[in-house]
$ cat final01.cif   # mmCIF, C-alpha atoms
data_protein
#
loop_
_atom_site.label_atom_id
_atom_site.label_comp_id
_atom_site.auth_asym_id
_atom_site.auth_seq_id
_atom_site.Cartn_x
_atom_site.Cartn_y
_atom_site.Cartn_z
CA MET A 1 0.00 0.00 0.00
CA ALA A 2 1.14 3.55 -0.70
CA ALA A 3 2.64 5.67 2.06
CA ARG A 4 0.09 7.52 4.18
CA ALA A 5 0.68 10.91 5.74
CA LEU A 6 -1.14 12.94 8.35
CA LEU A 7 -0.67 16.70 8.48
CA ARG A 8 -1.61 19.33 10.98
CA VAL A 9 -1.52 22.82 9.54
CA PRO A 10 -3.84 25.56 10.83
CA GLN A 11 -6.48 26.39 8.19
CA ARG A 12 -6.44 30.04 9.24
CA ALA A 13 -3.83 32.26 10.87
CA LYS A 14 -3.10 35.94 11.46
CA ARG A 15 -0.28 37.52 9.51
CA GLY A 16 2.91 37.33 11.57
CA GLU A 17 1.57 34.59 13.84
CA VAL A 18 3.86 31.70 14.81
CA ILE A 19 2.14 28.50 13.71
CA GLU A 20 2.92 24.92 14.63
CA ILE A 21 3.09 22.32 11.90
CA ARG A 22 3.08 18.55 12.29
CA ALA A 23 3.70 15.87 9.73
CA LEU A 24 3.48 12.12 10.33
CA ILE A 25 4.21 9.54 7.62
CA SER A 26 4.01 5.76 7.43
CA HIS A 27 7.42 4.20 6.83
CA ILE A 28 9.17 1.14 8.30
CA MET A 29 12.54 2.92 8.78
CA GLU A 30 14.48 -0.34 8.55
CA THR A 31 17.88 0.49 10.05
CA GLY A 32 20.10 -1.78 7.97
CA PHE A 33 21.68 -3.08 11.18
CA ARG A 34 19.28 -5.95 11.80
CA HIS A 35 19.53 -9.58 10.78
CA SER A 36 16.84 -12.06 9.85
CA GLU A 37 16.29 -15.20 11.93
CA ARG A 38 18.59 -16.99 9.50
CA GLY A 39 21.36 -14.47 9.91
CA ALA A 40 21.03 -12.62 6.60
CA SER A 41 21.37 -8.88 6.98
CA ILE A 42 18.21 -6.86 6.32
CA ALA A 43 18.92 -4.04 3.88
CA ARG A 44 18.53 -0.46 5.03
CA ASP A 45 15.25 1.14 3.97
CA ILE A 46 14.75 4.56 5.46
CA ILE A 47 13.51 8.02 4.58
CA THR A 48 16.58 10.21 4.20
CA ASP A 49 15.14 13.65 3.44
CA PHE A 50 12.19 15.74 4.46
CA ARG A 51 11.39 19.14 3.03
CA CYS A 52 8.60 21.66 3.51
CA THR A 53 7.93 24.57 1.18
CA TYR A 54 5.57 27.50 1.72
CA ASN A 55 4.33 28.92 -1.59
CA GLY A 56 7.39 27.41 -3.24
CA ALA A 57 10.00 28.71 -0.78
CA GLU A 58 11.73 26.16 1.42
CA ILE A 59 11.03 26.81 5.10
CA PHE A 60 12.20 23.57 6.71
CA ARG A 61 14.47 20.70 5.79
CA ALA A 62 15.61 17.65 7.76
CA ARG A 63 17.88 14.67 7.20
CA PHE A 64 16.82 11.36 8.67
CA TYR A 65 19.17 8.64 9.89
CA PRO A 66 18.72 4.97 10.84
CA ALA A 67 18.17 5.76 14.53
CA ILE A 68 14.84 7.44 13.76
CA ALA A 69 11.84 5.31 14.71
CA ALA A 70 9.32 3.93 12.23
CA ASN A 71 6.56 6.29 11.06
CA PRO A 72 8.56 9.48 11.61
CA PHE A 73 6.78 12.42 13.17
CA ILE A 74 8.13 15.92 12.57
CA THR A 75 6.96 19.06 14.25
CA PHE A 76 8.25 22.59 13.71
CA THR A 77 7.05 26.18 13.70
CA THR A 78 7.00 28.89 11.08
CA ILE A 79 5.55 32.37 10.66
CA ALA A 80 2.31 32.79 8.76
CA THR A 81 3.16 35.30 6.03
CA GLU A 82 0.55 34.88 3.30
CA SER A 83 -2.27 32.65 2.16
CA GLY A 84 -1.24 29.69 0.05
CA THR A 85 0.03 26.15 0.17
CA LEU A 86 2.43 24.24 2.36
CA ARG A 87 3.94 21.32 0.53
CA PHE A 88 5.65 18.42 2.29
CA GLU A 89 8.05 16.06 0.55
CA TRP A 90 9.75 12.93 1.81
CA SER A 91 12.34 10.89 -0.08
CA GLY A 92 14.61 7.99 0.76
CA ASP A 93 16.04 4.57 -0.01
CA ASN A 94 14.66 2.46 -2.85
CA GLU A 95 13.51 5.57 -4.68
CA PHE A 96 10.92 6.30 -2.02
CA THR A 97 9.05 9.55 -2.56
CA ALA A 98 5.85 10.92 -1.09
CA SER A 99 4.27 14.34 -0.95
CA GLU A 100 1.26 16.04 0.59
CA SER A 101 -0.06 19.60 0.62
CA ALA A 102 -2.22 21.72 2.88
CA ALA A 103 -3.80 25.10 2.33
CA ILE A 104 -3.56 27.98 4.76
CA SER A 105 -5.47 31.23 4.73
CA VAL A 106 -3.72 34.22 6.30
CA GLU A 107 -5.58 37.39 7.25
CA MET B 1 -23.02 13.78 64.29
CA ARG B 2 -24.67 14.65 61.02
CA VAL B 3 -21.27 15.63 59.56
CA PHE B 4 -19.89 12.30 60.67
CA ALA B 5 -22.74 10.43 58.96
CA LEU B 6 -22.14 12.43 55.82
CA LEU B 7 -18.44 11.60 55.89
CA LEU B 8 -19.28 7.94 56.28
CA ALA B 9 -21.61 8.16 53.30
CA VAL B 10 -18.90 9.82 51.21
CA ALA B 11 -16.37 7.19 52.24
CA ALA B 12 -18.79 4.40 51.37
CA SER B 13 -19.45 5.87 47.94
CA LEU B 14 -15.70 6.11 47.32
CA VAL B 15 -15.29 2.44 48.06
CA HIS B 16 -17.99 1.64 45.56
CA ALA B 17 -16.66 3.97 42.87
CA ASP B 18 -15.38 2.25 39.74
CA GLU B 19 -11.75 1.43 40.36
CA ARG B 20 -11.14 0.21 36.86
CA ARG B 21 -8.57 2.17 34.89
CA SER B 22 -7.82 1.82 31.21
CA GLY B 23 -4.23 1.41 30.04
CA TYR B 24 -4.41 5.03 28.88
CA GLU B 25 -4.59 6.25 32.47
CA PHE B 26 -1.33 4.48 33.33
CA MET B 27 0.59 6.18 30.50
CA SER B 28 2.84 9.23 30.61
CA ARG B 29 1.33 12.59 29.62
CA SER B 30 3.32 12.65 26.39
CA THR B 31 2.08 9.23 25.30
CA GLN B 32 -1.48 10.26 26.19
CA ALA B 33 -1.08 13.41 24.07
CA MET B 34 0.05 11.25 21.16
CA GLN B 35 -3.14 9.17 21.43
CA ASP B 36 -5.41 12.19 21.92
CA ASP B 37 -4.59 13.93 18.66
CA ASP B 38 -5.57 12.12 15.49
CA THR B 39 -2.77 13.83 13.57
CA SER B 40 -0.11 12.52 15.95
CA ASN B 41 -1.56 9.07 16.69
CA PRO B 42 0.29 6.79 14.24
CA ALA B 43 -2.57 4.26 14.41
CA MET B 44 -4.56 6.70 12.28
CA LEU B 45 -2.24 5.85 9.36
CA TRP B 46 -3.73 2.33 9.47
CA VAL B 47 -7.22 3.80 9.70
CA LEU B 48 -6.58 5.53 6.37
CA ASP B 49 -5.61 2.19 4.84
CA GLY B 50 -8.69 0.57 6.39
CA GLU B 51 -10.90 3.23 4.85
CA ALA B 52 -9.43 2.45 1.41
CA LEU B 53 -9.78 -1.34 1.90
CA TRP B 54 -13.39 -0.88 2.95
CA GLN B 55 -14.07 0.44 -0.56
CA ALA B 56 -11.93 -2.21 -2.32
CA GLY B 57 -12.52 -5.92 -3.06
CA LYS B 58 -15.34 -7.53 -5.00
CA PRO B 59 -17.95 -6.98 -3.78
CA SER B 60 -16.51 -4.30 -1.50
CA CYS B 61 -17.28 -4.21 2.21
CA ALA B 62 -18.96 -0.85 1.56
CA SER B 63 -21.29 -2.26 -1.09
CA CYS B 64 -23.01 -4.51 1.49
CA HIS B 65 -22.50 -2.46 4.65
CA SER B 66 -23.75 0.65 2.90
CA ASN B 67 -22.55 3.15 5.45
CA MET B 68 -19.98 3.06 8.17
CA SER B 69 -22.47 4.09 10.86
CA GLY B 70 -23.65 0.47 10.79
CA MET B 71 -20.28 -0.44 12.33
CA LYS B 72 -20.86 1.83 15.34
CA GLY B 73 -20.56 -0.21 18.52
CA VAL B 74 -19.58 -3.40 16.71
CA ALA B 75 -16.03 -3.53 18.06
CA ALA B 76 -17.43 -2.93 21.57
CA ARG B 77 -19.45 -6.16 21.48
CA TYR B 78 -16.85 -8.60 20.13
CA PRO B 79 -15.85 -11.40 20.75
CA ALA B 80 -19.37 -12.66 20.11
CA MET B 81 -21.10 -15.77 18.81
CA SER B 82 -21.38 -15.81 15.06
CA SER B 83 -22.32 -18.78 12.88
CA GLY B 84 -22.31 -20.94 16.01
CA ARG B 85 -18.76 -20.09 17.01
CA LEU B 86 -17.19 -17.55 19.34
CA MET B 87 -15.33 -15.05 17.16
CA ASN B 88 -13.29 -11.96 17.72
CA LEU B 89 -13.54 -8.96 15.43
CA GLU B 90 -10.64 -10.06 13.23
CA GLN B 91 -12.27 -13.45 12.67
CA ARG B 92 -15.61 -11.79 11.94
CA ILE B 93 -13.96 -9.62 9.29
CA ASN B 94 -12.30 -12.69 7.79
CA LEU B 95 -15.64 -14.51 7.73
CA CYS B 96 -16.98 -11.81 5.39
CA ARG B 97 -13.72 -12.01 3.47
CA THR B 98 -14.09 -15.72 2.78
CA GLU B 99 -17.88 -16.10 2.60
CA LYS B 100 -18.93 -12.81 1.03
CA GLN B 101 -15.90 -11.85 -1.01
CA HIS B 102 -14.77 -15.44 -1.74
CA ALA B 103 -11.22 -14.33 -1.08
CA LYS B 104 -8.39 -15.64 1.08
CA PRO B 105 -8.61 -14.64 4.74
CA TYR B 106 -6.13 -11.99 5.84
CA ALA B 107 -3.32 -13.26 8.08
CA TYR B 108 -3.16 -12.15 11.71
CA GLU B 109 -1.07 -8.98 12.10
CA SER B 110 -1.15 -8.39 8.35
CA LYS B 111 -1.39 -4.75 7.42
CA GLU B 112 -4.79 -5.38 5.81
CA LEU B 113 -6.41 -7.07 8.79
CA LEU B 114 -5.01 -4.54 11.26
CA SER B 115 -6.16 -1.66 9.07
CA LEU B 116 -9.73 -2.91 8.71
CA THR B 117 -9.90 -3.75 12.42
CA ALA B 118 -8.63 -0.29 13.36
CA TYR B 119 -11.08 1.41 11.01
CA ILE B 120 -14.01 -0.57 12.43
CA ALA B 121 -12.83 -0.14 16.04
CA LEU B 122 -12.62 3.63 15.57
CA GLN B 123 -16.39 3.70 14.94
CA SER B 124 -16.91 2.59 18.56
CA ARG B 125 -14.77 5.33 20.08
CA GLY B 126 -16.35 6.58 23.30
CA MET B 127 -18.92 3.76 23.40
CA PRO B 128 -19.20 1.39 26.37
CA ILE B 129 -17.87 -2.14 26.03
CA ALA B 130 -20.88 -4.42 25.77
CA VAL B 131 -19.91 -8.07 25.22
CA LYS B 132 -22.69 -10.50 26.09
CA ASP B 133 -21.43 -14.06 25.99
CA ASP B 134 -20.41 -16.21 28.93
CA ALA B 135 -16.73 -15.70 29.78
CA THR B 136 -16.27 -18.53 32.30
CA LYS B 137 -13.69 -20.33 30.17
CA GLY B 138 -11.60 -17.21 29.67
CA LYS B 139 -11.77 -16.41 33.37
CA ALA B 140 -10.32 -19.84 34.19
CA LEU B 141 -7.47 -19.25 31.74
CA TYR B 142 -6.87 -15.82 33.25
CA GLU B 143 -6.58 -17.25 36.74
CA GLN B 144 -4.51 -20.28 35.83
CA ARG B 145 -0.81 -20.23 36.69
CA GLN B 146 1.41 -21.14 33.78
CA GLY B 147 4.85 -20.94 32.21
CA GLN B 148 8.26 -21.44 33.76
CA LEU B 149 7.56 -18.52 36.08
CA ASN B 150 4.32 -20.23 37.08
CA MET B 151 2.27 -17.05 37.14
CA SER B 152 -1.29 -16.16 36.23
CA CYS B 153 -2.57 -13.10 34.41
CA ALA B 154 -4.54 -12.28 37.58
CA GLN B 155 -1.40 -12.09 39.71
CA CYS B 156 0.00 -9.25 37.67
CA HIS B 157 -3.12 -7.51 36.46
CA ASP B 158 -5.36 -7.79 39.57
CA GLN B 159 -2.93 -8.17 42.47
CA TYR B 160 -0.04 -6.00 41.24
CA ALA B 161 -1.76 -3.57 38.88
CA GLY B 162 -0.26 -0.11 39.34
CA HIS B 163 3.06 -1.55 40.55
CA ARG B 164 6.09 -1.51 38.33
CA LEU B 165 7.67 -4.36 36.43
CA ALA B 166 11.13 -3.19 35.34
CA GLY B 167 10.44 -0.01 33.35
CA SER B 168 6.68 -0.48 32.88
CA THR B 169 3.68 0.11 35.07
CA ILE B 170 1.49 -2.99 35.19
CA PRO B 171 -1.91 -1.93 33.85
CA GLN B 172 -5.24 -3.55 34.76
CA ALA B 173 -5.38 -5.19 31.32
CA HIS B 174 -8.56 -3.58 30.04
CA PRO B 175 -8.60 -3.97 26.26
CA THR B 176 -10.27 -0.63 25.51
CA GLY B 177 -7.79 0.56 22.91
CA TYR B 178 -7.09 -2.36 20.57
CA PRO B 179 -5.61 -2.60 18.03
CA VAL B 180 -2.92 -0.33 19.51
CA TYR B 181 0.13 1.40 18.14
CA ARG B 182 2.79 0.19 20.54
CA LEU B 183 5.91 2.34 20.59
CA GLU B 184 8.03 -0.68 21.44
CA TRP B 185 6.73 -2.52 18.36
CA GLN B 186 6.91 0.60 16.19
CA THR B 187 3.75 -0.66 14.58
CA LEU B 188 0.09 -1.43 15.13
CA GLY B 189 -0.71 -4.75 16.81
CA SER B 190 -3.73 -6.77 17.85
CA LEU B 191 -4.82 -7.66 21.38
CA GLN B 192 -3.63 -11.20 20.70
CA ARG B 193 -0.14 -9.97 19.92
CA ARG B 194 -0.19 -8.17 23.28
CA LEU B 195 -1.33 -11.33 25.06
CA ARG B 196 1.39 -13.37 23.38
CA ASN B 197 3.93 -10.86 24.73
CA CYS B 198 2.59 -11.37 28.27
CA LEU B 199 2.69 -15.16 27.87
CA VAL B 200 6.26 -15.10 26.57
CA GLY B 201 7.11 -12.83 29.52
CA ILE B 202 6.19 -15.58 31.97
CA ARG B 203 7.91 -18.10 29.70
CA ALA B 204 4.72 -19.90 28.78
CA GLU B 205 4.04 -21.35 25.35
CA PRO B 206 1.82 -18.65 23.81
CA TYR B 207 -1.57 -19.76 22.48
CA GLY B 208 -1.74 -19.58 18.68
CA TYR B 209 -3.26 -16.62 16.87
CA GLY B 210 -6.98 -17.14 16.54
CA SER B 211 -6.96 -20.18 18.86
CA PRO B 212 -10.06 -20.78 21.03
CA GLU B 213 -7.99 -19.98 24.16
CA MET B 214 -7.02 -16.56 22.80
CA VAL B 215 -10.59 -15.69 21.87
CA GLU B 216 -11.89 -16.88 25.27
CA LEU B 217 -9.26 -14.74 27.01
CA GLU B 218 -10.23 -11.76 24.86
CA LEU B 219 -13.87 -12.29 25.78
CA TYR B 220 -13.04 -12.44 29.48
CA LEU B 221 -10.94 -9.26 29.32
CA MET B 222 -13.77 -7.49 27.49
CA SER B 223 -16.32 -8.72 30.05
CA ARG B 224 -14.16 -7.41 32.96
CA ALA B 225 -14.12 -4.08 31.11
CA ARG B 226 -17.87 -4.04 30.42
CA GLY B 227 -19.18 -0.47 30.53
CA MET B 228 -15.73 1.10 30.12
CA LYS B 229 -15.38 3.37 27.10
CA MET B 230 -13.60 2.25 23.95
CA ASP B 231 -10.66 4.43 22.95
CA ALA B 232 -9.34 2.44 20.00
CA PRO B 233 -7.07 2.71 18.18
CA GLY B 234 -4.84 3.60 21.11
CA VAL B 235 -1.14 4.23 21.66
CA ARG B 236 0.84 2.23 24.24
CA PRO B 237 4.46 2.50 25.41
#

$ encode --input "final01.cif" --output "structure tokens"
Amino acid sequence: MAARALLRVPQRAKRGEVIEIRALISHIMETGFRHSERGASIARDIITDFRCTYNGAEIFRARFYPAIAANPFITFTTIATESGTLRFEWSGDNEFTASESAAISVE
Amino acid sequence: MRVFALLLAVAASLVHADERRSGYEFMSRSTQAMQDDDTSNPAMLWVLDGEALWQAGKPSCASCHSNMSGMKGVAARYPAMSSGRLMNLEQRINLCRTEKQHAKPYAYESKELLSLTAYIALQSRGMPIAVKDDATKGKALYEQRQGQLNMSCAQCHDQYAGHRLAGSTIPQAHPTGYPVYRLEWQTLGSLQRRLRNCLVGIRAEPYGYGSPEMVELELYLMSRARGMKMDAPGVRP
């Protein structure tokens, strides 16, 4: 099944307000350090990059490493500047990519 | 004198107050916060998959169960007798899978079965647990000592509930939140997976997934929790 993501972005905000953003995505985050019951090593399969843009401009970026738990949850803040779209992008091993968007209206 | 009588009455009512606590109440504030918000509860990722599966298959679940409101309260009254056999919710879903969709049953702990179970369980959120069938067999299993440590479920969950076992607080074992996203598992898991963990903990041979013993135990746990509110899908440490 395709990756699923859950976002929390305020639908409305005042100009200049600090807003909290949360993004949760389904991913196994296989570390690459584990072995199967038969001793074969299990290949690494993680998300390596997360990016958030606000009307096209990058406002947040993170690198993920094997120590991050499955289904990574990111929360950060930004300043509401104008109405528009927040776009979230994840990419990683095995050509993994996923993206989601949310609209915000700023008064 | 009157004050004294009043105090006695208050004390008596305290003794009779419900002393049952769901696993949620034993968790840290941060884990509770994770469960409380549907955008931070990872179990909701499975609910999204369940919603999609509900519309898939031939014929789809949705085509017979026209709207989801028909599933309100269903998770709160399973395990229940169905087609002459005691079944838990997972088995009931698989019965429709095999008999109505003529498809292979989903395996226990498969993403599909967990997703559908979570989606159906969510419809009972806030509703009181209302199983009806006789749980005598499950009660006997719950009270029976077993494993190399020779312990019963009751010893931990009735006698020592609220005490600590290594890093964890022993909860009262009320299954209000299943399936749960367990942080230790880093995934969603069924009540039976949880019970297998407890059995392995006392070095007992765990009952198989879907075995009559497991379903009887589930029924007994649900009957002990009768009237408590469902909060599935939950988060657990």

$ atom_distance --input "final01.cif" --atom1 "CA of Gly16 (chain A)" --atom2 "CA of Tyr54 (chain A)"
14.2 Å

$ residues_around --input "final01.cif" --residues "Arg92 (chain B)" --least-positions-apart "6" --cutoff "12 Å" --atoms "only C-alpha atoms" --output "ChimeraX atom specification"
/B:74-75,77-83,85-86,98-100,105-106,113,116-117,120,210,215

$ closest_residue --input "final01.cif" --among "A:Ala2, A:Arg22, A:Thr31, A:Leu7" --to "Ala69 (chain A)" --atoms "only C-alpha atoms"
A:Thr31

$ resolve_selection --input "final01.cif" --expression "the PyMOL selection byres ((chain B) within 9 of (chain A))" --output "list in words"
Asp38, Thr39, Ser40, Asn41, Pro42, Met44, Leu45, Trp46, Leu48, Asp49, Lys111, Leu183, Gln186 and Thr187 of chain B

$ write_last_selection --input "final01.cif" --atoms "C-alpha atoms" --output "short mmCIF file (atom, residue, chain, number, x, y, z; two decimals), keeping the file's coordinate frame"
data_model
loop_
_atom_site.label_atom_id
_atom_site.label_comp_id
_atom_site.auth_asym_id
_atom_site.auth_seq_id
_atom_site.Cartn_x
_atom_site.Cartn_y
_atom_site.Cartn_z
CA ASP B 38 -5.57 12.12 15.49
CA THR B 39 -2.77 13.83 13.57
CA SER B 40 -0.11 12.52 15.95
CA ASN B 41 -1.56 9.07 16.69
CA PRO B 42 0.29 6.79 14.24
CA MET B 44 -4.56 6.70 12.28
CA LEU B 45 -2.24 5.85 9.36
CA TRP B 46 -3.73 2.33 9.47
CA LEU B 48 -6.58 5.53 6.37
CA ASP B 49 -5.61 2.19 4.84
CA LYS B 111 -1.39 -4.75 7.42
CA LEU B 183 5.91 2.34 20.59
CA GLN B 186 6.91 0.60 16.19
CA THR B 187 3.75 -0.66 14.58
#

$ resolve_selection --input "final01.cif" --expression "the PyMOL selection byres ((chain B and resi 237) around 9)" --output "PyMOL selection string"
chain B and resi 27-28+31+168+181-185+235-236

$ resolve_selection --input "final01.cif" --expression "the PyMOL selection byres ((chain A and resi 93) around 7)" --output "PyMOL selection string"
chain A and resi 45-47+92+94-96

$ axis_aligned_box --input "final01.cif" --around "region 128-136 of chain B" --padding-each-side "5 Å" --output "lines of an AutoDock Vina configuration file"
center_x = -19.5
center_y = -8.6
center_z = 28.8
size_x = 16.4
size_y = 29.9
size_z = 17.1

$ closest_residue --input "final01.cif" --among "B:Asp36, B:Ser223, B:Asn197, B:Arg20" --to "Ala130 (chain B)" --atoms "all atoms listed in the file"
B:Ser223

$ atom_distance --input "final01.cif" --atom1 "CA of Asn55 (chain A)" --atom2 "CA of Gly84 (chain A)"
5.9 Å

$ closest_residue --input "final01.cif" --among "B:Val180, B:Met228, B:Ala103, B:Ala76" --to "Gly57 (chain B)" --atoms "only C-alpha atoms"
B:Ala103

$ closest_residue --input "final01.cif" --among "A:Ala80, A:Thr85, A:Arg63, A:Ser36" --to "Phe50 (chain A)" --atoms "all atoms listed in the file"
A:Arg63

$ atom_distance --input "final01.cif" --atom1 "CA of Ser41 (chain A)" --atom2 "CA of Ser91 (chain A)"
22.9 Å

$ closest_residue --input "final01.cif" --among "A:Arg38, A:Thr97, A:Gln11, A:Phe88" --to "Thr53 (chain A)" --atoms "all atoms listed in the file"
A:Phe88

$ residues_around --input "final01.cif" --residues "Gly189 (chain B)" --least-positions-apart "5" --cutoff "10 Å" --atoms "all atoms listed in the file" --output "PyMOL selection string"
chain B and resi 43+108-111+114-115+118+178-182+194+233

$ closest_residue --input "final01.cif" --among "B:Arg203, B:Phe26, B:Glu51, B:Gln32" --to "His163 (chain B)" --atoms "only C-alpha atoms"
B:Phe26
